[in-house]
Structure formats: C-alpha cells, structure tokens
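Peer 1: Okay, so here is final-v4.cif, and as you'll see once you scroll down, it has mmCIF, C-alpha atoms.
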```
data_entry
#
loop_
_atom_site.label_atom_id
_atom_site.label_comp_id
_atom_site.auth_asym_id
_atom_site.auth_seq_id
_atom_site.Cartn_x
_atom_site.Cartn_y
_atom_site.Cartn_z
CA MET R 1 -45.18 -31.59 0.71
CA PRO R 2 -44.43 -29.32 3.70
CA SER R 3 -47.30 -28.55 6.03
CA LEU R 4 -49.20 -25.27 5.85
CA LYS R 5 -47.76 -24.17 9.16
CA ALA R 6 -44.19 -24.83 7.98
CA ILE R 7 -44.70 -22.76 4.81
CA ARG R 8 -46.25 -19.89 6.78
CA LYS R 9 -43.26 -19.88 9.12
CA ARG R 10 -40.89 -19.87 6.17
CA ILE R 11 -42.66 -16.87 4.61
CA THR R 12 -42.37 -14.91 7.87
CA THR R 13 -38.66 -15.67 8.07
CA VAL R 14 -37.97 -14.54 4.52
CA LYS R 15 -40.03 -11.39 5.10
CA ASN R 16 -37.94 -10.54 8.14
CA THR R 17 -34.73 -11.08 6.19
CA GLN R 18 -36.06 -8.85 3.46
CA LYS R 19 -36.73 -6.11 6.02
CA ILE R 20 -33.12 -6.31 7.17
CA THR R 21 -31.62 -6.27 3.67
CA ARG R 22 -33.84 -3.36 2.68
CA ALA R 23 -32.76 -1.39 5.75
CA MET R 24 -29.10 -2.18 5.06
CA LYS R 25 -29.51 -0.97 1.50
CA LEU R 26 -30.99 2.34 2.66
CA VAL R 27 -28.26 2.85 5.26
CA ALA R 28 -25.56 2.10 2.67
CA ALA R 29 -27.13 4.56 0.24
CA ALA R 30 -27.14 7.35 2.83
CA LYS R 31 -23.56 6.65 3.88
CA LEU R 32 -22.48 6.44 0.25
CA ARG R 33 -23.65 9.98 -0.31
CA ARG R 34 -21.57 11.22 2.61
CA ALA R 35 -18.53 9.26 1.40
CA GLN R 36 -18.86 10.76 -2.07
CA ASP R 37 -18.97 14.24 -0.54
CA ALA R 38 -15.71 13.49 1.29
CA ILE R 39 -14.06 12.44 -2.00
CA ILE R 40 -15.12 15.68 -3.66
CA ALA R 41 -13.98 17.77 -0.68
CA ALA R 42 -10.51 16.19 -0.86
CA ARG R 43 -9.91 17.11 -4.51
CA PRO R 44 -8.66 20.71 -4.26
CA TYR R 45 -6.07 19.67 -1.67
CA SER R 46 -4.85 16.77 -3.81
CA ARG R 47 -4.62 18.92 -6.89
CA ALA R 48 -2.69 21.74 -5.20
CA LEU R 49 -0.30 19.42 -3.37
CA ARG R 50 0.39 17.39 -6.48
CA ARG R 51 1.17 20.52 -8.45
CA VAL R 52 3.66 21.82 -5.91
CA VAL R 53 5.37 18.45 -5.38
CA ALA R 54 5.61 17.92 -9.14
CA GLU R 55 7.16 21.34 -9.56
CA LEU R 56 9.70 20.79 -6.79
CA ALA R 57 10.52 17.30 -8.00
CA ARG R 58 11.18 18.40 -11.56
CA THR R 59 14.56 19.76 -10.64
CA GLU R 60 15.26 17.92 -7.43
CA ARG R 61 14.11 14.40 -8.23
CA ASP R 62 17.53 12.74 -8.18
CA ALA R 63 18.43 14.52 -5.01
CA HIS R 64 15.54 13.18 -3.02
CA PRO R 65 15.58 9.59 -1.65
CA LEU R 66 11.79 9.12 -1.86
CA PHE R 67 12.00 9.40 -5.65
CA ALA R 68 15.03 7.14 -6.07
CA GLU R 69 14.77 3.62 -7.46
CA ARG R 70 16.14 0.99 -5.11
CA THR R 71 17.49 -2.44 -5.65
CA GLY R 72 16.33 -5.12 -3.30
CA LYS R 73 14.21 -8.20 -3.24
CA LYS R 74 11.59 -7.01 -0.80
CA ALA R 75 8.33 -5.24 -1.46
CA SER R 76 5.36 -4.19 0.57
CA ILE R 77 1.66 -3.89 -0.24
CA VAL R 78 -0.83 -1.65 1.52
CA MET R 79 -4.17 -3.40 1.09
CA LEU R 80 -7.49 -1.69 1.84
CA THR R 81 -10.44 -3.95 2.67
CA SER R 82 -13.47 -3.55 4.93
CA ASP R 83 -14.20 -4.71 8.46
CA ARG R 84 -17.63 -6.02 7.62
CA GLY R 85 -18.95 -8.37 4.97
CA LEU R 86 -22.29 -8.43 3.14
CA ALA R 87 -20.84 -6.17 0.47
CA GLY R 88 -20.88 -8.50 -2.51
CA ALA R 89 -17.49 -9.15 -4.05
CA PHE R 90 -15.91 -6.05 -2.46
CA ASN R 91 -13.34 -7.88 -0.33
CA SER R 92 -12.83 -10.98 -2.45
CA THR R 93 -11.82 -8.96 -5.53
CA ILE R 94 -9.17 -7.14 -3.47
CA ILE R 95 -7.85 -10.40 -2.04
CA ARG R 96 -7.72 -12.00 -5.47
CA LYS R 97 -5.93 -8.96 -6.89
CA VAL R 98 -3.33 -9.02 -4.10
CA GLU R 99 -2.67 -12.72 -4.71
CA SER R 100 -2.35 -12.37 -8.48
CA PHE R 101 -0.25 -9.22 -8.10
CA VAL R 102 2.21 -11.06 -5.86
CA ASP R 103 2.37 -14.00 -8.27
CA THR R 104 2.85 -11.99 -11.45
CA GLU R 105 4.19 -8.48 -11.03
CA LEU R 106 6.12 -9.19 -7.84
CA SER R 107 7.36 -12.66 -8.77
CA ASP R 108 10.97 -11.40 -8.74
CA TYR R 109 10.70 -10.44 -5.10
CA THR R 110 11.69 -12.92 -2.43
CA ASP R 111 9.64 -11.33 0.28
CA VAL R 112 6.38 -9.39 0.10
CA SER R 113 4.95 -8.03 3.31
CA LEU R 114 1.41 -6.79 3.74
CA ARG R 115 0.12 -3.78 5.56
CA ALA R 116 -3.49 -4.80 5.99
CA VAL R 117 -6.31 -2.35 6.55
CA GLY R 118 -9.69 -3.91 7.28
CA ARG R 119 -10.49 -7.08 9.17
CA LYS R 120 -11.58 -9.10 6.13
CA GLY R 121 -8.26 -8.92 4.32
CA ASN R 122 -6.28 -9.41 7.49
CA ASP R 123 -8.25 -12.54 8.49
CA TYR R 124 -7.83 -14.12 5.08
CA PHE R 125 -4.07 -13.63 4.86
CA LYS R 126 -3.47 -14.46 8.51
CA ARG R 127 -5.03 -17.89 7.97
CA ARG R 128 -2.60 -18.42 5.11
CA ASN R 129 0.38 -17.33 7.19
CA ALA R 130 1.25 -14.39 4.97
CA ASN R 131 3.78 -11.86 6.19
CA ILE R 132 1.58 -9.16 7.74
CA ALA R 133 3.63 -6.18 8.87
CA SER R 134 0.75 -4.23 10.38
CA TYR R 135 -2.99 -4.39 10.74
CA ASP R 136 -5.45 -1.53 11.20
CA HIS R 137 -9.22 -1.46 11.33
CA ALA R 138 -11.00 -0.16 8.27
CA PRO R 139 -11.30 3.62 8.61
CA THR R 140 -14.39 5.80 8.51
CA SER R 141 -14.36 9.08 6.58
CA ASP R 142 -13.41 10.77 9.87
CA SER R 143 -10.61 8.45 10.95
CA ALA R 144 -9.12 8.05 7.45
CA LEU R 145 -6.86 11.09 7.85
CA GLY R 146 -5.22 9.84 11.05
CA LEU R 147 -4.83 6.35 9.63
CA SER R 148 -3.21 7.56 6.42
CA HIS R 149 -0.85 9.78 8.41
CA ASP R 150 0.39 6.88 10.55
CA LEU R 151 0.55 4.43 7.64
CA ALA R 152 2.47 6.90 5.47
CA ASN R 153 5.11 7.35 8.15
CA LYS R 154 5.42 3.57 8.45
CA VAL R 155 5.90 2.88 4.74
CA ILE R 156 8.28 5.82 4.36
CA ASP R 157 10.36 4.47 7.25
CA ASP R 158 10.36 0.98 5.66
CA PHE R 159 11.54 2.48 2.41
CA LEU R 160 14.20 4.82 3.77
CA GLU R 161 15.62 2.16 6.08
CA ASP R 162 15.91 -0.17 3.06
CA ARG R 163 13.54 -2.74 4.46
CA VAL R 164 11.58 -2.65 1.20
CA ALA R 165 12.46 -1.55 -2.33
CA GLN R 166 8.93 -0.80 -3.49
CA VAL R 167 5.59 -0.08 -1.87
CA PHE R 168 2.25 -0.64 -3.59
CA LEU R 169 -1.27 0.34 -2.70
CA ILE R 170 -4.18 -1.92 -3.69
CA PHE R 171 -7.73 -0.70 -3.20
CA ASN R 172 -11.20 -0.45 -4.71
CA GLU R 173 -11.51 2.61 -6.88
CA PHE R 174 -14.90 4.26 -6.82
CA LYS R 175 -16.31 4.82 -10.29
CA SER R 176 -20.02 4.96 -9.53
CA ALA R 177 -22.50 3.50 -7.06
CA ILE R 178 -22.81 0.35 -9.13
CA SER R 179 -19.31 0.05 -10.50
CA GLN R 180 -16.05 -0.31 -8.60
CA GLY R 181 -12.71 -1.55 -9.86
CA VAL R 182 -9.61 -2.77 -8.09
CA VAL R 183 -6.47 -0.78 -8.83
CA ALA R 184 -2.83 -1.17 -7.85
CA HIS R 185 -0.74 1.99 -7.49
CA GLN R 186 2.92 2.36 -6.80
CA LEU R 187 3.36 4.48 -3.67
CA LEU R 188 7.14 4.36 -3.35
CA PRO R 189 9.45 5.28 -4.94
CA ILE R 190 7.27 8.19 -6.07
CA GLU R 191 6.76 7.93 -9.81
CA PRO R 192 7.53 10.99 -11.93
CA LEU R 193 4.58 13.34 -11.79
CA GLU R 194 3.29 14.87 -14.94
CA THR R 195 1.73 18.27 -14.83
CA ASP R 196 0.07 20.07 -17.67
CA GLU R 197 0.74 23.44 -16.07
CA ASP R 198 4.02 24.80 -14.80
CA GLY R 199 2.58 25.33 -11.35
CA GLY R 200 3.46 28.98 -11.44
CA LEU R 201 6.51 28.32 -9.31
CA SER R 202 9.26 28.89 -11.85
CA GLY R 203 11.37 32.01 -12.09
CA ASP R 204 11.72 34.41 -9.25
CA PHE R 205 10.12 32.31 -6.57
CA LEU R 206 11.66 32.48 -3.13
CA TYR R 207 12.02 29.11 -1.46
CA GLU R 208 12.43 28.83 2.24
CA PRO R 209 14.08 26.48 3.14
CA ASP R 210 15.61 25.43 -0.20
CA LYS R 211 13.82 23.21 -2.71
CA GLU R 212 15.38 20.00 -1.46
CA GLU R 213 14.38 20.67 2.17
CA LEU R 214 10.90 21.63 1.05
CA LEU R 215 10.55 18.38 -0.83
CA SER R 216 11.51 16.40 2.28
CA HIS R 217 8.63 18.08 4.09
CA LEU R 218 6.07 17.85 1.33
CA ALA R 219 6.78 14.44 -0.25
CA PRO R 220 5.57 12.61 2.90
CA LEU R 221 2.36 14.66 2.75
CA TYR R 222 1.99 13.56 -0.84
CA ILE R 223 2.31 9.87 0.13
CA GLN R 224 -0.14 10.41 2.96
CA ASN R 225 -2.61 12.07 0.62
CA GLY R 226 -2.29 9.11 -1.76
CA ILE R 227 -3.34 6.75 1.02
CA TYR R 228 -6.05 9.13 2.24
CA THR R 229 -7.76 9.50 -1.13
CA ALA R 230 -7.52 5.72 -1.67
CA ALA R 231 -9.13 5.17 1.73
CA LEU R 232 -12.00 7.51 0.82
CA GLU R 233 -12.47 5.72 -2.50
CA SER R 234 -12.45 2.40 -0.69
CA ILE R 235 -15.07 3.58 1.81
CA ALA R 236 -17.37 4.83 -0.96
CA SER R 237 -16.84 1.61 -2.93
CA GLU R 238 -17.73 -0.48 0.09
CA PHE R 239 -21.05 1.30 0.51
CA GLY R 240 -21.70 1.14 -3.22
CA ALA R 241 -21.00 -2.60 -3.27
CA ARG R 242 -23.13 -3.16 -0.18
CA MET R 243 -25.99 -1.15 -1.66
CA THR R 244 -25.95 -3.25 -4.85
CA ALA R 245 -25.63 -6.52 -2.94
CA MET R 246 -28.47 -5.66 -0.58
CA ASP R 247 -30.66 -4.49 -3.46
CA ASN R 248 -30.20 -7.89 -5.11
CA ALA R 249 -30.85 -9.67 -1.83
CA THR R 250 -34.07 -7.71 -1.31
CA ARG R 251 -35.21 -8.57 -4.81
CA ASN R 252 -34.36 -12.26 -4.35
CA ALA R 253 -36.25 -12.32 -1.06
CA GLY R 254 -39.28 -10.81 -2.81
CA GLU R 255 -39.14 -13.52 -5.46
CA MET R 256 -38.85 -16.19 -2.80
CA ILE R 257 -41.86 -14.82 -0.93
CA GLY R 258 -43.86 -14.95 -4.18
CA ASN R 259 -42.97 -18.59 -4.77
CA LEU R 260 -43.68 -19.56 -1.19
CA THR R 261 -47.04 -17.78 -1.22
CA LEU R 262 -47.98 -19.69 -4.37
CA GLN R 263 -46.96 -22.93 -2.71
CA TYR R 264 -48.90 -21.96 0.41
CA ASN R 265 -52.09 -21.23 -1.52
CA ARG R 266 -51.79 -24.43 -3.47
CA ALA R 267 -51.38 -26.42 -0.25
CA ARG R 268 -54.35 -24.61 1.30
CA GLN R 269 -56.58 -25.37 -1.69
CA ALA R 270 -55.49 -28.99 -1.66
CA ALA R 271 -56.44 -29.19 2.01
CA ILE R 272 -59.87 -27.62 1.35
CA THR R 273 -60.54 -29.97 -1.56
CA LYS R 274 -59.54 -32.90 0.57
CA GLU R 275 -61.90 -31.85 3.33
CA LEU R 276 -64.78 -31.37 0.86
CA MET R 277 -64.15 -34.82 -0.59
CA GLU R 278 -64.27 -36.24 2.88
CA ILE R 279 -67.60 -34.51 3.68
CA ILE R 280 -69.15 -35.60 0.37
CA GLY R 281 -67.79 -39.09 0.85
CA GLY R 282 -69.34 -39.22 4.34
CA ALA R 283 -72.72 -37.92 3.09
CA GLU R 284 -72.76 -40.46 0.27
CA ALA R 285 -72.03 -43.23 2.75
CA LEU R 286 -74.94 -42.18 5.00
CA LYS R 287 -77.36 -42.12 2.04
CA GLY R 288 -76.42 -45.59 1.00
CA MET K 1 5.94 47.39 -22.78
CA ALA K 2 7.53 47.43 -19.40
CA PRO K 3 6.09 44.94 -16.91
CA GLN K 4 3.46 46.50 -14.77
CA PHE K 5 3.63 46.16 -11.05
CA THR K 6 0.45 46.69 -9.22
CA LEU K 7 0.97 46.93 -5.52
CA SER K 8 -1.84 44.97 -3.97
CA THR K 9 -3.21 46.36 -0.76
CA SER K 10 -4.72 43.16 0.57
CA LEU K 11 -4.07 39.44 0.67
CA ASN K 12 -6.48 36.86 -0.60
CA VAL K 13 -5.98 33.91 1.76
CA ASN K 14 -7.24 30.48 0.84
CA VAL K 15 -6.94 27.70 3.43
CA VAL K 16 -7.28 24.17 2.06
CA THR K 17 -7.21 20.81 3.86
CA PRO K 18 -8.01 17.24 2.75
CA ARG K 19 -11.47 17.76 4.26
CA GLY K 20 -12.13 20.68 1.94
CA GLN K 21 -11.65 24.42 1.79
CA ILE K 22 -11.78 25.90 5.29
CA THR K 23 -11.89 29.59 4.53
CA GLU K 24 -11.24 32.12 1.81
CA ILE K 25 -10.83 35.66 3.06
CA GLU K 26 -9.46 39.08 2.13
CA THR K 27 -7.12 40.30 4.82
CA ASN K 28 -4.12 42.52 5.41
CA ALA K 29 -1.74 40.16 7.24
CA VAL K 30 -1.02 36.50 7.87
CA THR K 31 1.23 35.15 10.59
CA ALA K 32 2.22 31.51 10.12
CA PRO K 33 4.50 28.96 11.79
CA GLY K 34 7.28 28.22 9.30
CA GLU K 35 9.77 25.40 9.53
CA LEU K 36 12.40 28.01 10.40
CA GLY K 37 10.23 30.02 12.79
CA GLU K 38 7.16 32.21 12.84
CA PHE K 39 6.85 34.74 10.02
CA GLU K 40 4.38 37.34 8.82
CA ILE K 41 3.16 37.99 5.30
CA LEU K 42 1.95 41.45 4.30
CA PRO K 43 0.40 42.67 1.03
CA GLY K 44 2.91 43.03 -1.79
CA HIS K 45 5.05 40.11 -0.68
CA ILE K 46 7.25 38.54 -3.35
CA PRO K 47 6.32 35.07 -4.72
CA PHE K 48 7.22 32.68 -1.97
CA LEU K 49 6.93 29.02 -0.97
CA THR K 50 7.66 27.66 2.48
CA SER K 51 6.78 24.60 4.53
CA LEU K 52 4.75 24.92 7.70
CA HIS K 53 5.39 23.31 11.04
CA PRO K 54 2.52 22.47 13.46
CA GLY K 55 1.71 25.70 15.26
CA VAL K 56 -0.47 28.80 15.35
CA MET K 57 -1.59 30.72 12.27
CA ILE K 58 -3.18 34.14 12.60
CA ILE K 59 -5.16 35.65 9.76
CA GLY K 60 -5.74 39.40 10.01
CA GLU K 61 -4.56 41.91 12.57
CA GLY K 62 -5.69 43.32 15.89
CA GLU K 63 -9.33 42.95 16.82
CA GLU K 64 -10.39 41.13 13.69
CA ALA K 65 -7.68 38.50 13.74
CA SER K 66 -8.75 34.88 13.64
CA VAL K 67 -6.48 32.29 15.20
CA TYR K 68 -6.07 28.75 13.89
CA ALA K 69 -4.02 25.75 14.84
CA VAL K 70 -2.40 24.25 11.76
CA SER K 71 -0.40 21.06 11.22
CA ARG K 72 2.12 20.26 8.51
CA GLY K 73 1.77 21.72 5.04
CA TYR K 74 2.91 24.70 3.00
CA LEU K 75 2.21 28.37 2.46
CA ARG K 76 2.55 29.83 -0.98
CA VAL K 77 2.30 33.41 -2.18
CA ASP K 78 1.91 33.67 -5.93
CA ARG K 79 2.55 36.60 -8.24
CA SER K 80 -0.94 37.99 -7.92
CA GLY K 81 -0.59 38.16 -4.16
CA ALA K 82 -2.93 35.24 -3.48
CA VAL K 83 -1.89 33.23 -0.43
CA GLU K 84 -2.54 29.50 -0.52
CA VAL K 85 -2.24 27.72 2.82
CA LEU K 86 -2.35 23.97 2.37
CA VAL K 87 -2.26 21.96 5.59
CA GLU K 88 -3.22 18.51 6.73
CA ARG K 89 -5.39 19.76 9.60
CA VAL K 90 -6.82 23.07 10.73
CA VAL K 91 -8.89 23.96 13.74
CA ALA K 92 -10.03 27.41 14.86
CA GLY K 93 -8.60 28.48 18.21
CA GLN K 94 -11.98 28.90 19.88
CA ASP K 95 -13.12 25.44 18.70
CA VAL K 96 -10.26 23.56 20.35
CA ASP K 97 -11.36 20.87 22.76
CA VAL K 98 -8.88 21.64 25.52
CA LYS K 99 -9.56 18.48 27.53
CA THR K 100 -8.94 16.09 24.61
CA ALA K 101 -5.96 18.07 23.38
CA THR K 102 -4.37 18.11 26.84
CA GLU K 103 -4.95 14.38 27.24
CA GLU K 104 -3.47 13.65 23.83
CA ARG K 105 -0.46 15.86 24.49
CA ASP K 106 0.28 14.34 27.90
CA GLU K 107 -0.16 10.82 26.59
CA ALA K 108 2.17 11.43 23.65
CA ARG K 109 4.72 13.20 25.85
CA ALA K 110 4.73 10.34 28.37
CA ALA K 111 5.25 7.83 25.55
CA LEU K 112 8.05 9.96 24.06
CA ASP K 113 9.77 10.20 27.46
CA GLU K 114 9.65 6.40 27.71
CA TRP K 115 11.32 6.09 24.33
CA LYS K 116 14.83 7.17 25.39
CA LEU K 117 17.43 5.34 23.31
CA LYS K 118 15.18 3.16 21.15
CA PRO K 119 15.58 3.88 17.43
CA GLN K 120 13.45 6.79 16.25
CA ASP K 121 11.30 4.90 13.77
CA ALA K 122 7.85 5.54 12.29
CA GLU K 123 6.16 4.82 15.62
CA TRP K 124 8.24 7.54 17.26
CA LYS K 125 7.51 9.93 14.44
CA ASN K 126 3.77 9.33 14.74
CA LEU K 127 3.95 10.04 18.47
CA LYS K 128 5.93 13.20 17.88
CA ASP K 129 3.46 14.41 15.27
CA ARG K 130 0.60 13.69 17.67
CA PHE K 131 2.38 15.63 20.40
CA GLU K 132 3.09 18.62 18.16
CA TRP K 133 -0.43 18.77 16.81
CA ALA K 134 -1.93 18.64 20.33
CA GLN K 135 0.49 21.36 21.47
CA ALA K 136 -0.38 23.51 18.46
CA ARG K 137 -4.08 23.25 19.30
CA LEU K 138 -3.48 24.25 22.91
CA ASP K 139 -1.31 27.20 21.84
CA ALA K 140 -3.96 28.35 19.39
CA GLN K 141 -6.59 28.12 22.11
CA THR K 142 -4.62 30.31 24.49
CA ARG K 143 -3.88 32.89 21.79
CA ALA K 144 -7.45 33.03 20.46
#
```
Show this structure as structure tokens.
Peer 2:
Amino acid sequence: MPSLKAIRKRITTVKNTQKITRAMKLVAAAKLRRAQDAIIAARPYSRALRRVVAELARTERDAHPLFAERTGKKASIVMLTSDRGLAGAFNSTIIRKVESFVDTELSDYTDVSLRAVGRKGNDYFKRRNANIASYDHAPTSDSALGLSHDLANKVIDDFLEDRVAQVFLIFNEFKSAISQGVVAHQLLPIEPLETDEDGGLSGDFLYEPDKEELLSHLAPLYIQNGIYTAALESIASEFGARMTAMDNATRNAGEMIGNLTLQYNRARQAAITKELMEIIGGAEALKG
Amino acid sequence: MAPQFTLSTSLNVNVVTPRGQITEIETNAVTAPGELGEFEILPGHIPFLTSLHPGVMIIGEGEEASVYAVSRGYLRVDRSGAVEVLVERVVAGQDVDVKTATEERDEARAALDEWKLKPQDAEWKNLKDRFEWAQARLDAQTRA
C-alpha cells in the first residue's frame, strides 16, 4: 500500500491537471463561439457567389477549363488538420479518412499528392514519406482568408498545368459543439452547381466582360471560398472536439480524485488503528 | 398590361465579404474599379454584371462619399436597381494602415522584380495579388 504522503502528492497532481483541463475547456468554449460567428458571417457571401457562378456556368460550362473533366493518373488532396493536439479524435479521424480515401476512391491514381494544412497531419504523413506538395500552419479565423487565397491559386495552377486531374478537400465539418464529421469534397474540376432559383441573371443582363471572361475571374473566387468555409468549419470543429475532450478529462480527473481520497482516508484510518493498537498493547504489557 | 418601368432615384448598395456584410446604404452613385477600367453606376442603370479588379470604390458623391479599397469580386445591378458588391476584402480608406500596406507593397514588388523569366506560377500570382491589394489600399487612403 502506498504511503500517506505518496497518496497526498498524487491527489495534488491530479487536482492540478484538472485545473488545466478545466481551463482549456473554457477557453475552447469561448473560441468556439467566435468560430461559429465567423461561419455564420461567411454565409451570405457564399450564397451570392455560388448563385452567380452557377448562373454563369450553366451556359459556359464546357467553355471553361476549371469545369472540364481531365484524364490523368494524378490527384491531389487538400487536408485540413490542427497544429495542436488534445482535441480528442479530431486529427486522427482526418488522417484515417485521407488514408482510406486514397486506398478506395483514388485507387486508380498512380500518384496522390497532399497539400497539408496543420502540423498534426503534416507530421504524420511526413513520417510515412507521403508526397507532400505544400505545408501550411493551421489557420485562425483571421488568417483563414489569406491561406485559402494562396492555396486556391496553387491548386488551380496544378490543375490548369495538368499536374493533377482532380483535387479533393478533406476536412472536419462542423455540425454542433459535440458532433463533427469528416467530409471529402471535390474541389476541381468544379462539379455542376444546382440552383433552385434562376439567379435573376437571365434575359437582358449586360455582361462586362463577356460571360466566359467573367467566369475566369469568379471561378477562382469560388474555389477559394470553398477552402475558406472548410477552414472555418475545421476551426470550429477543432474547438468543439477540444471542448468535449477536455470536459471528459475534467470529469475523469474528478473521479480519480474521489478514488484517491477514499484510498487516502482508508490508509489514514489504518494508521490510526495501528497506533491505537500499539498504545493499548504497550499499556497491557506494563500492567502485566 | 404593358410592363411598368419605375425610374428609381437612388441605389441600394450592399457590400458583402466572406467576413460578413460590410455596409448597406442608400446612395446616388457608385464608382468601382472594373476589370476593364473604372466605371460609375447611377440610379436607373440597366441590369449589369461585371468583375472587379483590386482598386478604389467610392460610394456616394461629393462631401458624403465614402472611399473603400476593394479586392477581387463582382458588382451586380439587378432589375430593381439594387447594387450587390461582392468582394474578397474591403477596407475603408481612412482605416488603412499605411505603414503595413507600404511594407507589403514594397516587399511584393521587390519579389516580383526578382522573378524575371521564371514561369509565372501560383507563387507569382499570389505575390501579384498581394501587391495589387496593398496598392489598392494605399490608393484608397490617399483618395479618402
């Protein structure tokens, strides 16, 4: 049985850990709220851009290279992970999804390159000597726009220069604070967009420059917005996952403290009983 | 019944970016940097869609005009006369951080000058976008 002092020390350690996990949970909760606000703020832009691109693409799809199917045996995956751990299964589910996606859906491709975002994903695939075309740190809500801009230009260049035939985006989709799911989207070629409304662009609209030119300017913005919204979802999911993980850790630490306190009290009582026995034993001996 | 044409006397301008709606305002003129050059929209304009180039956008006229730097995006006038300006980034002229913008511009320009005959790939494009956006902010600041 461990000594009283050892148990006491153990309890202090677990209490300190619990303080840290509780603080991390609160920080994640506050950041999650901000990340959710960013997702909501991005919606009107996404909706409007999608409507206009869909409308332009309806007639000009075949004309534009970003919509055209390509033949080739190379694909690329943009993978969004986080820089920091302690977020439950956040990063491992992404990594597993990327691996299974390469093995199943992309099994026809001879070469799949990765554009890694986030240190966790990059570290994992670097150790396994995967083909990593680029690596960026995980973005914050503020830096996500710049990152998606640069990444979009890179994947569009890959695609137009025929270095890859398809580009996918794999990230954690934010459903709620306690539920996130990994999704894989096709970024390029751009899949046909369905719109329920006609966008109000038909008829006597004046286009300047012509529709095809316009599409060349706006399709890259559409790709960029796809990466941007995914990055925001990923950021919110990370905080959600961390919040849940830290909540569990705090609860586990509480349980552990309970058990250790019980053990401590039992040991203390045993020590007192032993001392009493010794005193009684001594008194009895003196009597005799 | 013959179609009715109501001649609107003002423009309802709505500026949207990925960070949210920036402003929604009733005004009588909008000057924007189009891909083919600067243009001005007045009330009663026909339905219109054009792409925007990084540059200076002015909402309103004369004393009450507000000046913004805008990056890539589009401007759309629909049948009701509502103007939708959708751009990646917007910053008001008076809010431009001149020091940062100048640094960014000079850095990007130096890197572009170094480029010379190397192929103009994504890296080059990112630099060029950075340069144009920094220049647009500086222009907006001087015109504000």
Peer 1: Select residues of chain K: the criterion is any atom within 8 Å of an atom of chain R, counting all atoms listed in the file; output as a list in words.
Peer 2: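 Result: Val16, Thr17, Pro18, Arg19, Gly20, Gln21, Glu35, Leu36, Ile46, Pro47, Phe48, Leu49, Thr50, Ser51, Gly73, Tyr74, Asp78, Leu86, Glu88, Asp121, Ala122, Glu123, Lys125 and Asn126 of chain K.
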Peer 1: Report as a list in words the residues that result from applying the PyMOL selection byres ((chain K and resi 40) around 9) to the structure here.
Peer 2: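 On this input, the PyMOL selection byres ((chain K and resi 40) around 9) captures Ala29, Val30, Thr31, Ala32, Pro33, Glu38, Phe39, Ile41 and Leu42 of chain K.
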Peer 1: If you keep C-alpha atoms, can you produce a file of those selected residues as a PDB file, in the frame of the given file?
Peer 2:
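To be explicit, this is the file written out as result-v4.pdb:
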```pdb
ATOM      1  CA  ALA K  29      -1.740  40.160   7.240  1.00  0.00           C
ATOM      2  CA  VAL K  30      -1.020  36.500   7.870  1.00  0.00           C
ATOM      3  CA  THR K  31       1.230  35.150  10.590  1.00  0.00           C
ATOM      4  CA  ALA K  32       2.220  31.510  10.120  1.00  0.00           C
ATOM      5  CA  PRO K  33       4.500  28.960  11.790  1.00  0.00           C
ATOM      6  CA  GLU K  38       7.160  32.210  12.840  1.00  0.00           C
ATOM      7  CA  PHE K  39       6.850  34.740  10.020  1.00  0.00           C
ATOM      8  CA  ILE K  41       3.160  37.990   5.300  1.00  0.00           C
ATOM      9  CA  LEU K  42       1.950  41.450   4.300  1.00  0.00           C
TER      10      LEU K  42
END
```
Peer 1: Restricting the calculation to only C-alpha atoms, which member of K:Ser80, K:Asp95, K:Ala144, K:His45 is positioned closest to Glu64 in chain K?
Peer 2: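 Nearest to Glu64 in chain K: K:Ala144.
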Peer 1: Apply the PyMOL selection byres ((chain R and resi 116-122) around 6) to the displayed file and report the matching residues as a PyMOL selection string.
Peer 2: chain R and resi 79-83+114-115+123-126+135-138
Peer 1: Please measure the separation of CA of Ile11 in chain R and CA of Leu26 in chain R, giving the value in Å to one decimal.
Peer 2: 22.6 Å
Peer 1: Using only C-alpha atoms, find the one residue out of R:Ala219, R:Ile7, R:Leu106, R:Ile94 that sits nearest to Ala57 in chain R.
Peer 2: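 Ranking R:Ala219, R:Ile7, R:Leu106, R:Ile94 by distance to Ala57 in chain R, first place goes to R:Ala219.
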